[in-house]
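J.: This structure is in structure tokens; I'll ask about it shortly.
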Amino acid sequence: MKERPILFNDEMVRAILDGRKTQTRRPIKKPAKAGAECFHGACATAAKNAWQHFAKMGPCDGVEWGCVSPFGVAGDRLWVREATFGGPQRQDLCYRVACPCGMSDKDHRAAKGWTPSIHMPRSASRLNLLVKRVWVERVRDISEEGAKAEGVALRGHTRYEGEHRHEFTVLWDSIYAENGLGWHGDPWVWCCEFEEET
């Protein structure tokens with residue numbers, strides 16, 4: 001079993017804690033320069049039909065095309081990095097999501113400020129996720145069930161068919177549209193199904 005860190009924003013950490021988020025998707029980023037080293041699991045020399053092959057065949061084994069998933073494989077562990085206050089020991093930390101110390105967000109910022117999630121050490125992580133399945137698909141191939149498993153929050157009071165998928169498109173574009181990896185570009189994505197370890 002291998003362990004890897006993974007970043008989630010506050011909304012997604014909350015969804016994991018609430019048991020609503022059991023899947024995540026990240027763009028496959030291919031370097032523009034041919035022959036460059038693999039970056040985020042996407043090999044520069046892999047032809048387009050390689051990604052089509054992955055989408056049809058399911059999980060990438062990381063061998064045939066020199067492609068390695070950023071989530072690892074089934075049975076690996078992801079440890080969640082999230083914003084914290086205090087430390088350096090886990091028992092001294094206040095996590096920005098569901099902080100029990102009673103201080104307001106403004107008070108935290110005034111006292112010292114939140115430590116960004118990217119700087120969280122392994123010892124401070126409170127959430128471990130067991131990888132159940134990894135596969136590749138186009139982002140627009142996500143199903144309503146998959147979008148619901150992404151843990152997106154539903155806004156408003158109306159309920160309609162495809163609502164989770166619609167909210168996922170909004171979330172996706174809020175994160176990736178500026179990088180040229182928005183919904184309408186339909187990028188290839190790594191998909192990971194996981195469960196929280198207790």
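All residue names refer to the structure tokens as shown: chains lettered A, B, ... in order, residues numbered from 1 in each chain, ligands numbered from 1 in order.
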In segment 65-195 of chain A, what's alpha helix (DSSP H) per DSSP? Answer as a list in words?
T.: Asp105, Lys106, Asp107, His108, Arg109, Ala110, Ala111, Glu144, Glu145, Gly146, Ala147, Lys148, Ala149, Glu163, His164, Arg165, His166, Glu167, Phe168, Thr169, Val170, Leu171, Trp172, Asp173, Ser174, Ile175 and Tyr176 of chain A
J.: Pull C-alpha atoms from the residues just selected and write them as a compact mmCIF listing (two decimals), in the first residue's frame.
T.:
# COMPACT_ATOMS: atom_id res chain seq x y z
CA ASP A 105 -12.65 32.91 11.12
CA LYS A 106 -11.77 36.61 11.57
CA ASP A 107 -10.21 35.88 14.99
CA HIS A 108 -8.14 33.06 13.55
CA ARG A 109 -6.82 35.33 10.80
CA ALA A 110 -6.00 38.07 13.29
CA ALA A 111 -4.25 35.72 15.72
CA GLU A 144 -25.75 11.97 -12.37
CA GLU A 145 -24.75 9.27 -9.89
CA GLY A 146 -21.07 10.16 -10.31
CA ALA A 147 -21.81 13.86 -9.81
CA LYS A 148 -23.72 13.07 -6.63
CA ALA A 149 -20.75 10.99 -5.40
CA GLU A 163 -29.29 18.60 -10.88
CA HIS A 164 -26.15 17.07 -9.34
CA ARG A 165 -24.50 16.95 -12.75
CA HIS A 166 -25.36 20.60 -13.36
CA GLU A 167 -23.88 21.64 -9.99
CA PHE A 168 -20.76 19.61 -10.76
CA THR A 169 -20.27 21.56 -14.01
CA VAL A 170 -20.42 24.81 -12.03
CA LEU A 171 -17.91 23.51 -9.49
CA TRP A 172 -15.59 22.16 -12.21
CA ASP A 173 -15.52 25.44 -14.10
CA SER A 174 -14.93 27.43 -10.89
CA ILE A 175 -11.71 25.46 -10.41
CA TYR A 176 -10.44 24.69 -13.92
J.: For Val139 of chain A, find every residue with an atom within 6 Å (counting only C-alpha atoms), except residues of its own chain fewer than 3 positions away, and show them as a ChimeraX atom specification.
T.: /A:142,186-187,189
J.: Quick one: write out the picked residues with N, CA and C atoms as a PDB file, in the first residue's frame?
T.:
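Writing the result to part.pdb gives the following:
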ATOM      1  N   ILE A 142     -19.374  12.216 -17.028  1.00  0.00           N
ATOM      2  CA  ILE A 142     -19.815  11.954 -15.665  1.00  0.00           C
ATOM      3  C   ILE A 142     -21.339  11.753 -15.647  1.00  0.00           C
ATOM      4  N   ASP A 186     -14.047  19.630 -22.361  1.00  0.00           N
ATOM      5  CA  ASP A 186     -14.194  18.187 -22.155  1.00  0.00           C
ATOM      6  C   ASP A 186     -12.852  17.473 -22.001  1.00  0.00           C
ATOM      7  N   PRO A 187     -12.017  17.892 -21.024  1.00  0.00           N
ATOM      8  CA  PRO A 187     -10.709  17.251 -20.878  1.00  0.00           C
ATOM      9  C   PRO A 187     -10.821  15.823 -20.353  1.00  0.00           C
ATOM     10  N   VAL A 189      -9.932  13.097 -17.682  1.00  0.00           N
ATOM     11  CA  VAL A 189      -9.734  13.235 -16.242  1.00  0.00           C
ATOM     12  C   VAL A 189      -9.435  11.894 -15.597  1.00  0.00           C
TER      13      VAL A 189
END
J.: When you count only C-alpha atoms, which of these residues is closest to Ile16 of chain A: A:Gly151, A:Pro121, A:Pro70, A:Gly102?
T.: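 Counting only C-alpha atoms, the residue closest to Ile16 of chain A is A:Gly151.
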J.: Determine, counting only C-alpha atoms, which protein, DNA and RNA residues have an atom within 7 Å of an atom of segment 78-85 of chain A; residues of the same chain fewer than 5 positions away are not included. Present the result as a list in words.
T.: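 So, after excluding close chain neighbours, the residues are Glu3, Arg4, Pro5, Ile6, Leu7, Phe8, Leu93, Cys94, Tyr95, Arg96, Gly113, Trp114, Thr115, Pro116, Ser117, Ile118, Met120, Ser125, Leu127, Asn128, Leu129 and Leu130 of chain A.
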J.: So which residues touch Asp10 of chain A within 7 Å, counting only C-alpha atoms, skipping near sequence neighbours fewer than 3 positions away, as a list of chain:residue names?
T.: A:Val13, A:Arg14, A:Val97
J.: Could you please take those selected residues and save C-alpha atoms as an mmCIF file, in the first residue's frame?
T.:
data_model
loop_
_atom_site.group_PDB
_atom_site.id
_atom_site.type_symbol
_atom_site.label_atom_id
_atom_site.label_comp_id
_atom_site.auth_asym_id
_atom_site.auth_seq_id
_atom_site.Cartn_x
_atom_site.Cartn_y
_atom_site.Cartn_z
ATOM 1 C CA VAL A 13 -13.582 18.353 3.044
ATOM 2 C CA ARG A 14 -16.991 19.068 4.561
ATOM 3 C CA VAL A 97 -13.707 22.915 8.468
#
J.: Tell me which of A:Ala124, A:Cys101, A:Ala153, A:Cys191 sits closest to Arg20 of chain A, counting only C-alpha atoms.
T.: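 Comparing A:Ala124, A:Cys101, A:Ala153, A:Cys191 against Arg20 of chain A, the winner is A:Ala153.
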